[in-house]
Amino acid sequence: MATVAEVVDRAYRDDTGRAVATLIRATRDFDLAEEAWQDACEQALRTWPQRGVPRDPTAWLFTAARNRAIDRLRRERVGREKTAAAMQIAELEAMGDDMHEIPDDRLRLLFTCCHPSLALDARVALTLRTVAGLSTKEIARAFLVPEPTLGQRLTRAKRKIRDAGIPYVVPPREALPDRLDGVRAVVYLVFNEGYEATEGELIRTDLCAEAIRLARLLDHLIPDEPESRGLLALLLLQHARRAARTDAAGDLVTLEDQDRSRWDHALIDEGLALVDESPRTGSYQLQAAIAACHDRAPRPDDTDWAQIASLYDELERVRPSPVVALNRAVAVAMADGPDAGLRLLDPLADDLDRYHHFHAARADLLRRAGRGTEAAAAYDRALALVGNDTERRYLERRRAALAL
Amino acid sequence: MKYLLLIYADEHGFEAMSEEERHEVYAAYEVLMKDLSEKGQSLAGDELQPTSTATTVQIRNGERLVTDGPYAETKEQLGGYFLIDVDDLDAAIDIAARIPSVHQGSIEVRPIAD
């Protein structure tokens, strides 16, 4: 039997986004919605131990939260606020109290939290706070910012939503592609922060798991959207390798050296199925297809590098960037030898001189080409730029292993 | 909600246009203004004289300081505005994106405080 605390925890994790989204629709008040939901969960923790866990905990919590919101509006609103409060109360009462009968408002919430008129860091924080239900403390820890800073960021974002009149709607069809791209960018950013933390230790599994939850949600709320599906596939296929990406000491293990038996094959199978059923036209779909090439190979030597190079070729057409060109050069080097790769890298030097991955990749190709002295210089340049401890140690080891 | 759309553009670019090009820009503004007023979304809208005509006034320690030129020297200058009344920020952004100067300059969308 699950304890009361476990049931409430689970409901909190699973239902926060859904409940808060609906309470916001009725009240247009993020703080009120969050506080009412929080109150309901606390009330459950207090009363369920004696009265027993209700048959439908989610429905109970939602009703309690709605009533709590109405209470607060009645008691706390004074003077001029009363007129607005009366309208909010009417909305809350009109929506009934059976959560299962109420339409899912999470899509509105997601689009509002990811509105382009909010700063990117605010979009990320707000999405994690309201859609995913993470606490301010958890988000602050994940992004290595002090909790008050993160709190202010959230407060400012909510104030801007209210004062600038950011609507609580799913954008109309003509605006949807752009805005969906924006939502996916936020999800991807959450994942990347977990996958390759910019500071400190390398992987923060929690953030990756949250990003996958958000990607699943997006794919569920707007089904048959190939790029959203591509994003989900990409995240699954990358996250599947998490256990093998660092060794016992927490050091980075490259794809080539990973113990592939430690990959999460359930996630890989799910990701591969998504890749196989999707077209390969958008940038997330192409990146997922590339990740699939790696995850399909039982041993590094089985990797279809020619296929990867051609997928990067396509990706460069869809979304040209020096970083994509860098990855393409590496794939070409693996398929056709280091000299072919180096020829493609040289023209990127101007754009990527401040990017440690560029120098690390160049160092590796120079090493493979037997040009040890130049490889050492490139490793030194990469080391001067790298911010992440795990990657630094990795580069130091590679630098030391050069036979000079 | 009411929003002020501030139109920032390089005024030298506009001055350098040929008579015909300028005429086209004005015509495009006319079309937009007509549409906004037909929909009851426009409260006001004007083009400003260039910043060479600007005067900046301050009072410091009780003393009136009057200087020539705009408050801030910027690459793009405030050259006009629309005051609109629409449902929400998305509607305001959509109108901002239809202002002819959006292609060369920038439109700042500012909600009016009630």
# chains A, B, ... in the order shown; residues from 1 in each chain; ligands from 1
>>> interface_residues(of="chain B", to="chain A", cutoff="12 Å", atoms="only C-alpha atoms", output="PyMOL selection string")
chain B and resi 1-4+85-94+108-114
>>> residues_around(residues="stretch 120-131 of chain A", least_positions_apart="4", cutoff="8 Å", atoms="only C-alpha atoms", output="PyMOL selection string")
chain A and resi 16-18+20-21+34+106+109-110+113-116+135-136+139+150+153-154+157+186-187+189-190+210
>>> atom_distance(atom1="atom CA of A:His294", atom2="atom CA of A:Ala240")
11.2 Å
>>> select_by_dssp(residues="chain B", states="helix (DSSP H, G or I)", output="count of residues only")
40
>>> residues_around(residues="stretch 241-252 of chain A", least_positions_apart="2", cutoff="10 Å", atoms="only C-alpha atoms", output="number ranges by chain")
A: 195, 201-205, 208, 236-239, 254-255, 257-265, 267-268, 295, 389-395
>>> residues_around(residues="B:Leu6", least_positions_apart="4", cutoff="9 Å", atoms="only C-alpha atoms", output="number ranges by chain")
B: 78-83, 96, 106-110
>>> write_last_selection(atoms="N, CA and C atoms", output="PDB file, in the first residue's frame")
ATOM      1  N   LEU B  78      13.173  57.289 -32.863  1.00  0.00           N
ATOM      2  CA  LEU B  78      11.713  57.279 -32.786  1.00  0.00           C
ATOM      3  C   LEU B  78      11.184  58.202 -33.888  1.00  0.00           C
ATOM      4  N   GLY B  79      10.410  57.603 -34.804  1.00  0.00           N
ATOM      5  CA  GLY B  79       9.962  58.396 -35.944  1.00  0.00           C
ATOM      6  C   GLY B  79       8.452  58.493 -36.052  1.00  0.00           C
ATOM      7  N   GLY B  80       7.745  57.772 -35.183  1.00  0.00           N
ATOM      8  CA  GLY B  80       6.292  57.803 -35.246  1.00  0.00           C
ATOM      9  C   GLY B  80       5.712  56.824 -34.255  1.00  0.00           C
ATOM     10  N   TYR B  81       4.392  56.837 -34.156  1.00  0.00           N
ATOM     11  CA  TYR B  81       3.753  55.936 -33.183  1.00  0.00           C
ATOM     12  C   TYR B  81       2.334  55.631 -33.605  1.00  0.00           C
ATOM     13  N   PHE B  82       1.835  54.523 -33.087  1.00  0.00           N
ATOM     14  CA  PHE B  82       0.409  54.232 -33.141  1.00  0.00           C
ATOM     15  C   PHE B  82      -0.063  53.994 -31.717  1.00  0.00           C
ATOM     16  N   LEU B  83      -1.226  54.488 -31.381  1.00  0.00           N
ATOM     17  CA  LEU B  83      -1.865  54.108 -30.121  1.00  0.00           C
ATOM     18  C   LEU B  83      -3.060  53.247 -30.504  1.00  0.00           C
ATOM     19  N   ALA B  96       1.884  45.395 -35.124  1.00  0.00           N
ATOM     20  CA  ALA B  96       3.261  45.887 -35.222  1.00  0.00           C
ATOM     21  C   ALA B  96       3.955  45.294 -36.451  1.00  0.00           C
ATOM     22  N   SER B 106      12.525  48.909 -36.203  1.00  0.00           N
ATOM     23  CA  SER B 106      12.010  48.060 -35.141  1.00  0.00           C
ATOM     24  C   SER B 106      10.787  48.728 -34.524  1.00  0.00           C
ATOM     25  N   ILE B 107       9.822  47.911 -34.135  1.00  0.00           N
ATOM     26  CA  ILE B 107       8.635  48.442 -33.470  1.00  0.00           C
ATOM     27  C   ILE B 107       8.657  47.980 -32.014  1.00  0.00           C
ATOM     28  N   GLU B 108       8.613  48.917 -31.107  1.00  0.00           N
ATOM     29  CA  GLU B 108       8.532  48.557 -29.689  1.00  0.00           C
ATOM     30  C   GLU B 108       7.066  48.601 -29.264  1.00  0.00           C
ATOM     31  N   VAL B 109       6.604  47.506 -28.665  1.00  0.00           N
ATOM     32  CA  VAL B 109       5.206  47.398 -28.251  1.00  0.00           C
ATOM     33  C   VAL B 109       5.143  47.627 -26.750  1.00  0.00           C
ATOM     34  N   ARG B 110       4.466  48.689 -26.319  1.00  0.00           N
ATOM     35  CA  ARG B 110       4.411  49.002 -24.887  1.00  0.00           C
ATOM     36  C   ARG B 110       2.971  49.087 -24.426  1.00  0.00           C
TER      37      ARG B 110
END
>>> residues_around(residues="A:Gly230", least_positions_apart="2", cutoff="9 Å", atoms="only C-alpha atoms", output="PDB file with C-alpha atoms, in the first residue's frame")
ATOM      1  CA  GLU A 225       3.236  16.967 -35.442  1.00  0.00           C
ATOM      2  CA  PRO A 226       6.387  15.448 -36.998  1.00  0.00           C
ATOM      3  CA  GLU A 227       8.877  17.869 -35.450  1.00  0.00           C
ATOM      4  CA  SER A 228       7.469  17.406 -31.944  1.00  0.00           C
ATOM      5  CA  LEU A 232      10.761  13.378 -28.379  1.00  0.00           C
ATOM      6  CA  ALA A 233      12.676  10.728 -30.339  1.00  0.00           C
ATOM      7  CA  LEU A 234      15.876  12.760 -30.165  1.00  0.00           C
ATOM      8  CA  LEU A 235      15.635  13.205 -26.409  1.00  0.00           C
ATOM      9  CA  GLY A 271      12.999   6.285 -29.896  1.00  0.00           C
ATOM     10  CA  LEU A 274       9.365   7.040 -33.481  1.00  0.00           C
ATOM     11  CA  VAL A 275      12.211   7.706 -35.935  1.00  0.00           C
ATOM     12  CA  SER A 278       8.457   9.858 -39.066  1.00  0.00           C
ATOM     13  CA  PRO A 279       9.645  11.682 -42.144  1.00  0.00           C
ATOM     14  CA  ARG A 280      13.164  13.108 -42.015  1.00  0.00           C
ATOM     15  CA  GLY A 282      12.740  18.910 -39.928  1.00  0.00           C
ATOM     16  CA  SER A 283      15.798  19.606 -37.821  1.00  0.00           C
ATOM     17  CA  TYR A 284      14.702  17.583 -34.776  1.00  0.00           C
ATOM     18  CA  GLN A 285      13.712  14.657 -36.988  1.00  0.00           C
ATOM     19  CA  LEU A 286      17.110  14.737 -38.679  1.00  0.00           C
ATOM     20  CA  GLN A 287      18.947  14.974 -35.373  1.00  0.00           C
ATOM     21  CA  ALA A 288      16.861  12.062 -34.081  1.00  0.00           C
ATOM     22  CA  ALA A 289      17.757  10.067 -37.187  1.00  0.00           C
TER      23      ALA A 289
END
>>> atom_distance(atom1="atom CA of A:Arg156", atom2="atom CA of A:Glu42")
26.3 Å
>>> residues_around(residues="B:Glu73", least_positions_apart="3", cutoff="12 Å", atoms="only C-alpha atoms", output="list of chain:residue names")
B:Asp10, B:Thr51, B:Ser52, B:Ala54, B:Thr56, B:Asp68, B:Gly69, B:Pro70, B:Glu76, B:Gln77, B:Leu78
>>> residues_around(residues="A:Ile89", least_positions_apart="2", cutoff="12 Å", atoms="only C-alpha atoms", output="mmCIF file with C-alpha atoms, in the first residue's frame")
data_model
loop_
_atom_site.group_PDB
_atom_site.id
_atom_site.type_symbol
_atom_site.label_atom_id
_atom_site.label_comp_id
_atom_site.auth_asym_id
_atom_site.auth_seq_id
_atom_site.Cartn_x
_atom_site.Cartn_y
_atom_site.Cartn_z
ATOM 1 C CA LEU A 23 -7.303 27.240 -12.505
ATOM 2 C CA ARG A 25 -7.864 29.753 -17.287
ATOM 3 C CA ALA A 26 -10.649 30.565 -14.853
ATOM 4 C CA THR A 27 -8.797 33.193 -12.819
ATOM 5 C CA ARG A 28 -5.970 34.469 -15.081
ATOM 6 C CA ASP A 29 -3.941 34.520 -11.902
ATOM 7 C CA LEU A 32 -3.609 32.227 -7.017
ATOM 8 C CA ARG A 66 -10.997 25.127 -6.761
ATOM 9 C CA ASN A 67 -12.785 25.695 -3.454
ATOM 10 C CA ARG A 68 -9.612 27.054 -1.951
ATOM 11 C CA ALA A 69 -9.244 29.537 -4.828
ATOM 12 C CA ILE A 70 -12.842 30.698 -4.309
ATOM 13 C CA ASP A 71 -12.197 31.058 -0.557
ATOM 14 C CA ARG A 72 -9.109 33.120 -1.084
ATOM 15 C CA LEU A 73 -10.861 35.378 -3.583
ATOM 16 C CA ARG A 74 -13.736 35.952 -1.160
ATOM 17 C CA ARG A 75 -11.550 36.631 1.852
ATOM 18 C CA ARG A 77 -9.884 40.729 -2.174
ATOM 19 C CA LYS A 82 -13.944 42.770 -5.463
ATOM 20 C CA THR A 83 -15.508 43.256 -8.898
ATOM 21 C CA ALA A 84 -12.728 41.321 -10.608
ATOM 22 C CA ALA A 85 -12.868 38.661 -7.880
ATOM 23 C CA ALA A 86 -16.606 38.183 -8.429
ATOM 24 C CA MET A 87 -15.945 37.403 -12.088
ATOM 25 C CA GLU A 91 -15.666 31.357 -13.713
ATOM 26 C CA LEU A 92 -14.436 28.907 -11.086
ATOM 27 C CA GLU A 93 -17.966 27.932 -10.149
ATOM 28 C CA ALA A 94 -19.039 27.598 -13.769
ATOM 29 C CA MET A 95 -16.371 25.064 -14.617
ATOM 30 C CA GLY A 96 -17.778 22.430 -12.284
#
>>> decode(residues="stretch 32-100 of chain B", atoms="C-alpha atoms", output="short mmCIF file (atom, residue, chain, number, x, y, z; two decimals), in the first residue's frame")
data_model
loop_
_atom_site.label_atom_id
_atom_site.label_comp_id
_atom_site.auth_asym_id
_atom_site.auth_seq_id
_atom_site.Cartn_x
_atom_site.Cartn_y
_atom_site.Cartn_z
CA LEU B 32 -2.77 50.23 -42.49
CA MET B 33 -4.26 53.28 -40.78
CA LYS B 34 -7.47 52.97 -42.76
CA ASP B 35 -7.79 49.30 -41.82
CA LEU B 36 -7.13 49.98 -38.14
CA SER B 37 -9.65 52.76 -37.90
CA GLU B 38 -12.28 50.71 -39.75
CA LYS B 39 -11.83 48.01 -37.13
CA GLY B 40 -11.95 50.58 -34.33
CA GLN B 41 -8.45 49.58 -33.21
CA SER B 42 -6.69 52.88 -33.77
CA LEU B 43 -6.84 55.60 -31.13
CA ALA B 44 -4.09 57.78 -32.59
CA GLY B 45 -1.09 57.63 -34.85
CA ASP B 46 1.39 60.18 -36.17
CA GLU B 47 4.66 60.61 -37.89
CA LEU B 48 7.19 62.72 -36.00
CA GLN B 49 9.52 65.35 -37.44
CA PRO B 50 13.14 64.07 -37.57
CA THR B 51 15.29 64.17 -34.43
CA SER B 52 17.11 67.24 -35.82
CA THR B 53 14.00 69.15 -34.66
CA ALA B 54 14.03 67.62 -31.16
CA THR B 55 14.52 69.52 -27.93
CA THR B 56 15.20 67.84 -24.60
CA VAL B 57 14.08 69.50 -21.37
CA GLN B 58 15.16 68.65 -17.80
CA ILE B 59 14.88 70.38 -14.44
CA ARG B 60 17.81 69.71 -12.11
CA ASN B 61 18.20 71.43 -8.75
CA GLY B 62 15.36 73.71 -9.70
CA GLU B 63 17.13 74.82 -12.85
CA ARG B 64 15.61 74.34 -16.26
CA LEU B 65 18.00 72.71 -18.76
CA VAL B 66 17.02 72.91 -22.38
CA THR B 67 19.27 71.14 -24.88
CA ASP B 68 19.01 70.48 -28.58
CA GLY B 69 18.61 66.99 -29.94
CA PRO B 70 16.87 63.82 -28.75
CA TYR B 71 17.12 62.36 -25.24
CA ALA B 72 19.35 59.51 -26.45
CA GLU B 73 21.50 59.24 -29.55
CA THR B 74 20.67 55.88 -31.06
CA LYS B 75 21.20 54.13 -34.35
CA GLU B 76 17.46 54.04 -34.92
CA GLN B 77 15.29 56.97 -33.91
CA LEU B 78 11.71 57.28 -32.79
CA GLY B 79 9.96 58.40 -35.94
CA GLY B 80 6.29 57.80 -35.25
CA TYR B 81 3.75 55.94 -33.18
CA PHE B 82 0.41 54.23 -33.14
CA LEU B 83 -1.86 54.11 -30.12
CA ILE B 84 -4.09 51.06 -30.50
CA ASP B 85 -6.79 49.28 -28.56
CA VAL B 86 -6.86 45.50 -29.07
CA ASP B 87 -7.60 42.31 -27.12
CA ASP B 88 -4.13 41.25 -26.15
CA LEU B 89 -0.39 41.35 -26.83
CA ASP B 90 -0.61 38.89 -29.71
CA ALA B 91 -3.05 41.19 -31.53
CA ALA B 92 -0.72 44.15 -30.85
CA ILE B 93 2.28 42.18 -32.16
CA ASP B 94 0.34 41.28 -35.31
CA ILE B 95 -0.35 44.96 -35.98
CA ALA B 96 3.26 45.89 -35.22
CA ALA B 97 4.33 43.33 -37.82
CA ARG B 98 2.17 45.15 -40.42
CA ILE B 99 3.76 48.58 -39.89
CA PRO B 100 5.74 49.31 -43.08
#
